[in-house]
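As provided, work-v7.txt (compact mmCIF, C-alpha atoms) reads as follows.
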# COMPACT_ATOMS: atom_id res chain seq x y z
CA MET K 291 -9.25 -9.58 -10.48
CA GLU K 292 -9.23 -6.68 -12.97
CA ASN K 293 -10.94 -4.40 -10.44
CA THR K 294 -8.41 -5.37 -7.79
CA THR K 295 -5.51 -4.67 -10.15
CA GLY K 296 -7.00 -1.33 -11.15
CA LEU K 297 -7.49 -0.26 -7.54
CA ARG K 298 -3.93 -1.27 -6.71
CA GLU K 299 -2.51 0.75 -9.61
CA ASN K 300 -4.63 3.76 -8.68
CA LYS K 301 -3.35 3.57 -5.11
CA LYS K 302 0.24 3.43 -6.37
CA LEU K 303 -0.35 6.44 -8.58
CA ARG K 304 -1.86 8.42 -5.69
CA THR K 305 1.07 7.50 -3.47
CA ARG K 306 3.54 8.50 -6.16
CA ARG K 307 1.87 11.87 -6.63
CA GLN K 308 1.70 12.46 -2.89
CA LEU K 309 5.41 11.73 -2.48
CA ALA K 310 6.35 14.04 -5.36
CA ALA K 311 4.09 16.84 -4.09
CA THR K 312 5.41 16.54 -0.52
CA ALA K 313 9.00 16.56 -1.73
CA LEU K 314 8.50 19.57 -3.99
CA GLU K 315 6.88 21.54 -1.17
CA LEU K 316 9.87 20.85 1.08
CA PHE K 317 12.42 21.59 -1.64
CA LEU K 318 10.79 24.91 -2.50
CA GLU K 319 10.56 25.87 1.16
CA ARG K 320 14.06 24.89 2.30
CA GLY K 321 16.11 24.32 -0.85
CA PHE K 322 16.86 21.04 -2.56
CA ASP K 323 20.21 20.38 -0.87
CA ALA K 324 18.86 21.17 2.59
CA VAL K 325 16.21 18.43 2.45
CA SER K 326 17.13 14.76 2.76
CA VAL K 327 15.29 11.74 1.47
CA ALA K 328 14.60 10.88 5.11
CA ASP K 329 12.95 14.28 5.55
CA VAL K 330 10.67 13.63 2.59
CA ALA K 331 9.80 10.13 3.78
CA ALA K 332 8.99 11.40 7.26
CA ALA K 333 6.80 14.22 5.95
CA ALA K 334 4.94 11.78 3.69
CA GLU K 335 4.70 9.22 6.50
CA VAL K 336 6.40 6.41 4.58
CA SER K 337 9.68 4.58 5.05
CA LYS K 338 12.79 5.38 3.01
CA PRO K 339 12.67 1.94 1.29
CA THR K 340 9.07 2.64 0.29
CA LEU K 341 10.04 6.02 -1.15
CA PHE K 342 12.87 4.48 -3.15
CA ARG K 343 10.49 1.91 -4.60
CA TYR K 344 8.70 4.80 -6.30
CA PHE K 345 11.65 7.09 -7.03
CA PRO K 346 15.17 5.73 -7.71
CA SER K 347 16.86 8.96 -6.61
CA LYS K 348 16.16 12.15 -4.72
CA GLU K 349 16.37 14.07 -7.99
CA ASP K 350 13.61 11.94 -9.52
CA LEU K 351 11.20 13.26 -6.90
CA VAL K 352 11.41 16.56 -8.79
CA LEU K 353 12.05 15.38 -12.31
CA ASP K 354 9.61 12.50 -12.56
CA ARG K 355 7.05 14.86 -14.11
CA PHE K 356 9.33 15.06 -17.16
CA ALA K 357 8.80 11.35 -17.77
CA ASP K 358 5.38 12.20 -19.21
CA HIS K 359 7.07 14.36 -21.85
CA GLN K 360 9.87 11.98 -22.87
CA ASP K 361 7.94 10.64 -25.83
CA GLU K 362 6.40 13.98 -26.80
CA ALA K 363 8.84 14.90 -29.60
CA ALA K 364 8.70 11.35 -30.95
CA ARG K 365 4.90 11.39 -30.93
CA ILE K 366 4.75 14.79 -32.62
CA VAL K 367 6.98 13.60 -35.45
CA ARG K 368 5.34 10.19 -35.78
CA GLU K 369 1.81 11.65 -35.97
CA ARG K 370 2.56 14.67 -38.18
CA PRO K 371 0.47 15.23 -41.34
CA ALA K 372 1.64 13.75 -44.62
CA GLY K 373 4.14 15.99 -46.39
CA GLN K 374 5.28 17.80 -43.25
CA THR K 375 8.94 17.70 -42.22
CA PRO K 376 10.01 16.64 -38.72
CA VAL K 377 11.34 20.14 -38.05
CA GLY K 378 8.08 21.67 -39.25
CA ALA K 379 6.06 19.40 -36.99
CA VAL K 380 8.10 20.16 -33.86
CA ARG K 381 8.09 23.89 -34.69
CA ALA K 382 4.29 23.98 -35.14
CA HIS K 383 3.75 22.13 -31.87
CA PHE K 384 6.12 24.40 -29.95
CA LEU K 385 4.46 27.55 -31.29
CA ALA K 386 1.04 26.20 -30.34
CA ALA K 387 2.35 25.40 -26.86
CA LEU K 388 3.68 28.97 -26.53
CA ALA K 389 0.22 30.30 -27.36
CA GLU K 390 -1.24 28.09 -24.63
CA ARG K 391 1.43 29.15 -22.10
CA ASP K 392 2.38 25.52 -21.62
CA PRO K 393 4.91 25.34 -18.73
CA ILE K 394 7.10 23.01 -20.80
CA THR K 395 7.91 26.00 -23.07
CA GLY K 396 9.08 28.14 -20.15
CA LEU K 397 6.57 30.82 -21.20
CA CYS K 398 4.40 30.54 -18.12
CA ASP K 399 4.39 33.19 -15.41
CA HIS K 400 2.38 31.24 -12.84
CA PRO K 401 4.33 31.67 -9.57
CA GLY K 402 4.39 27.94 -8.89
CA VAL K 403 5.80 27.17 -12.33
CA VAL K 404 8.45 29.88 -12.05
CA ALA K 405 9.43 28.61 -8.59
CA PHE K 406 9.74 25.06 -9.90
CA GLN K 407 11.91 26.15 -12.81
CA ARG K 408 14.06 28.27 -10.49
CA LEU K 409 14.64 25.18 -8.36
CA LEU K 410 15.53 23.13 -11.43
CA TYR K 411 17.93 25.57 -13.04
CA SER K 412 19.67 26.57 -9.81
CA THR K 413 20.40 23.03 -8.56
CA ALA K 414 23.41 21.33 -10.15
CA SER K 415 22.35 17.77 -9.31
CA LEU K 416 18.91 18.31 -10.86
CA GLU K 417 20.37 19.67 -14.07
CA SER K 418 22.77 16.73 -14.19
CA ARG K 419 19.99 14.21 -13.66
CA MET K 420 17.95 15.88 -16.40
CA ALA K 421 20.42 14.37 -18.86
CA HIS K 422 18.87 10.97 -18.13
CA TYR K 423 15.47 12.19 -19.31
CA THR K 424 16.93 14.08 -22.27
CA ASP K 425 18.83 11.02 -23.46
CA ARG K 426 15.63 8.99 -23.46
CA GLU K 427 13.81 11.76 -25.35
CA VAL K 428 16.52 11.72 -28.02
CA GLU K 429 16.48 7.93 -28.21
CA LEU K 430 12.72 7.77 -28.78
CA LEU K 431 12.76 10.50 -31.43
CA ALA K 432 15.72 8.97 -33.26
CA ALA K 433 13.88 5.65 -33.39
CA VAL K 434 10.92 7.31 -35.14
CA LEU K 435 13.19 8.98 -37.68
CA GLU K 436 15.01 5.71 -38.35
CA ALA K 437 11.67 3.99 -38.87
CA GLU K 438 11.04 6.53 -41.62
CA SER K 439 14.28 5.45 -43.36
CA ALA K 440 16.61 8.15 -42.04
CA PRO K 441 20.16 6.73 -41.69
CA PRO K 442 20.94 5.99 -38.01
CA LEU K 443 23.56 8.72 -37.63
CA ILE K 444 21.39 11.34 -39.32
CA ALA K 445 18.42 10.27 -37.22
CA ARG K 446 20.35 10.65 -33.98
CA LEU K 447 21.95 13.97 -34.96
CA ALA K 448 18.55 15.34 -35.93
CA ALA K 449 16.97 14.11 -32.70
CA VAL K 450 19.74 15.65 -30.60
CA HIS K 451 19.29 19.02 -32.29
CA LEU K 452 15.49 19.03 -32.15
CA VAL K 453 15.44 18.10 -28.47
CA ALA K 454 18.17 20.62 -27.63
CA VAL K 455 16.32 23.46 -29.36
CA ARG K 456 13.12 22.73 -27.42
CA HIS K 457 15.02 22.69 -24.14
CA GLU K 458 17.07 25.82 -24.81
CA LEU K 459 14.04 27.81 -25.93
CA GLY K 460 12.33 26.77 -22.70
CA ARG K 461 15.31 27.86 -20.63
CA GLU K 462 15.45 31.25 -22.39
CA ASN K 463 11.75 31.81 -21.77
CA TYR K 464 12.22 30.95 -18.10
CA ARG K 465 14.94 33.59 -17.91
CA ARG K 466 12.41 36.12 -19.14
CA MET K 467 9.93 35.08 -16.45
CA GLU K 468 12.63 35.17 -13.78
CA ALA K 469 13.58 38.67 -14.90
CA GLY K 470 10.05 39.82 -14.18
CA GLN K 471 8.41 39.82 -17.60
CA SER K 472 4.90 38.50 -17.91
CA ALA K 473 4.17 35.71 -20.37
CA ASP K 474 2.20 38.16 -22.50
CA GLU K 475 5.08 40.63 -22.59
CA ALA K 476 7.59 37.94 -23.47
CA GLN K 477 5.54 36.12 -26.09
CA PRO K 478 6.64 38.15 -29.17
CA ALA K 479 10.32 37.56 -28.40
CA ALA K 480 9.63 33.90 -27.57
CA VAL K 481 7.89 33.37 -30.90
CA ALA K 482 10.67 35.16 -32.79
CA ASP K 483 13.32 33.03 -31.07
CA ALA K 484 11.42 29.84 -31.91
CA ASP K 485 10.97 30.83 -35.53
CA GLN K 486 14.67 31.63 -35.88
CA ALA K 487 15.85 28.48 -34.09
CA PHE K 488 13.67 26.11 -36.09
CA ALA K 489 14.53 27.91 -39.34
CA MET K 490 18.21 27.26 -38.61
CA LEU K 491 17.43 23.58 -38.08
CA ALA K 492 15.32 23.40 -41.22
CA ASP K 493 18.19 24.75 -43.32
CA GLY K 494 20.32 21.79 -42.32
CA LEU K 495 17.84 18.99 -41.70
CA ASP K 496 14.92 19.26 -44.10
CA GLU K 497 16.86 17.82 -47.03
CA ALA K 498 18.37 15.05 -44.89
CA LEU K 499 15.13 13.81 -43.31
CA PRO K 500 12.07 12.29 -45.00
CA MET K 501 8.70 13.96 -45.27
CA ALA K 502 5.88 12.34 -43.36
CA PRO K 503 4.51 9.36 -45.30
CA ALA K 504 0.94 9.36 -46.52
CA ARG K 505 -1.44 7.89 -43.96
CA PRO K 506 -3.70 5.03 -44.95

Represent the structure from my file as structure tokens, please.
Amino acid sequence: MENTTGLRENKKLRTRRQLAATALELFLERGFDAVSVADVAAAAEVSKPTLFRYFPSKEDLVLDRFADHQDEAARIVRERPAGQTPVGAVRAHFLAALAERDPITGLCDHPGVVAFQRLLYSTASLESRMAHYTDREVELLAAVLEAESAPPLIARLAAVHLVAVRHELGRENYRRMEAGQSADEAQPAAVADADQAFAMLADGLDEALPMAPARP
């Protein structure tokens, strides 16, 4: 029974990835608004109802990859070393990701990544749908901060600001890639922006939020 369940889940995952990959190829080729859900279903050789079982909306065919990152900020803060502030933890992680050219930071000049980000930032319905993923990211991070005894309002305000800074730094780095800079050329400015942004947050949040507790 366990083997059967595992095979079924693996098949669902492969189908999900195939649908997302097919959709993205069509969107990049023709433009998001010029491709219908029926077009995607036909290209992937599935029915529209089958497609909607995997993706609730057309936008989710593009944005589903962000689901894997929704708990990232919460995990970073929850697992930070004892004595480190939440802002310090998110800052350290973001700087490390910049060094690795992680696409989530926007500092990645791979043509496929730049094309994906161009699609995202130039399509109004995708940007609007992103709010759904951002709200969940804030919710998860706020829950971690509350669990560490931050008052609910402070926890949510801090989560909103930390998530917003990560997103806005990523958008600014994408603008640099779109303008023709390489990731290597843009890195010094990207690091300086991150340092400044997180320093601004630290000035307001470090005294309001708890340090990481000692781990057993």

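Using all atoms listed in the file for every distance, the candidate list K:Met467, K:Ala405, K:Leu385, K:Leu353 yields K:Leu353 as the residue closest to K:Ser418.
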
Using all atoms listed in the file, what does the table of stretch 310-420 of chain K residues within 12 Å of stretch 438-441 of chain K look like, with each row giving the shortest atom pair and its distance in Å to one decimal, sorted by chain and ascending number, as a Markdown table?
| residue | atom | partner | partner_atom | distance |
| --- | --- | --- | --- | --- |
| K:Ala364 | CA | K:Glu438 | CA | 11.9 |
| K:Val367 | CA | K:Glu438 | CA | 10.2 |
| K:Arg368 | CA | K:Glu438 | CA | 8.9 |
| K:Glu369 | CA | K:Glu438 | CA | 12.0 |
| K:Thr375 | CA | K:Glu438 | CA | 11.4 |
| K:Pro376 | CA | K:Glu438 | CA | 10.6 |

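Going from atom CA of K:Glu299 to atom CA of K:Ala363 covers 27.0 Å.
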
Point to revise | Distance in Å - atom CA of K:Glu335 versus atom CA of K:Phe317 | key: 16.7 Å

Practice item. Go through K:Glu390, K:Val455, K:Glu315, K:Phe384 one by one, measure the shortest atom-to-atom distance of each to K:Val481 using only C-alpha atoms, and give the residue with the smallest value. Key: K:Phe384

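The space between atom CA of K:Val380 and atom CA of K:Thr413 spans 28.3 Å.
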
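Each of K:Ala389, K:Ala324, K:Ile366, K:Leu309 was compared to K:Leu351 using all atoms listed in the file, and K:Leu309 turns out to be the nearest.
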
Check your understanding: Need the neighbours of (12.4, 16.6, -33.9): which residues are at most 10 Å away, counting all atoms listed in the file, as an MDAnalysis selection string?
Key -> chainID K and resid 362:368 375:381 427:428 431:432 434:435 445:456 488 491 495

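Nearest residue to K:Thr312 among K:Leu443, K:Gln407, K:Ala331, K:Pro503 is K:Ala331, counting all atoms listed in the file.
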
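Nearest residue to K:Leu316 among K:Ala332, K:Val404, K:Ala476, K:Leu303 is K:Ala332, counting only C-alpha atoms.
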
Review point. Hey, what's within 10 Å of K:Leu318 if we count all atoms listed in the file and toss same-chain stuff fewer than 6 positions away? As a list in words, please?
Key: Val325, Gly402, Ala405, Phe406, Arg408 and Leu409 of chain K

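Each of K:Gly296, K:Pro371, K:Pro401, K:Pro346 was compared to K:Ala473 using only C-alpha atoms, and K:Pro401 turns out to be the nearest.
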
Review point. So which residues touch K:Val330 within 12 Å, counting all atoms listed in the file, skipping near sequence neighbours fewer than 6 positions away, as number ranges by chain?
Key: K: 308-317, 320, 322, 324, 336-342, 345, 348, 351-352
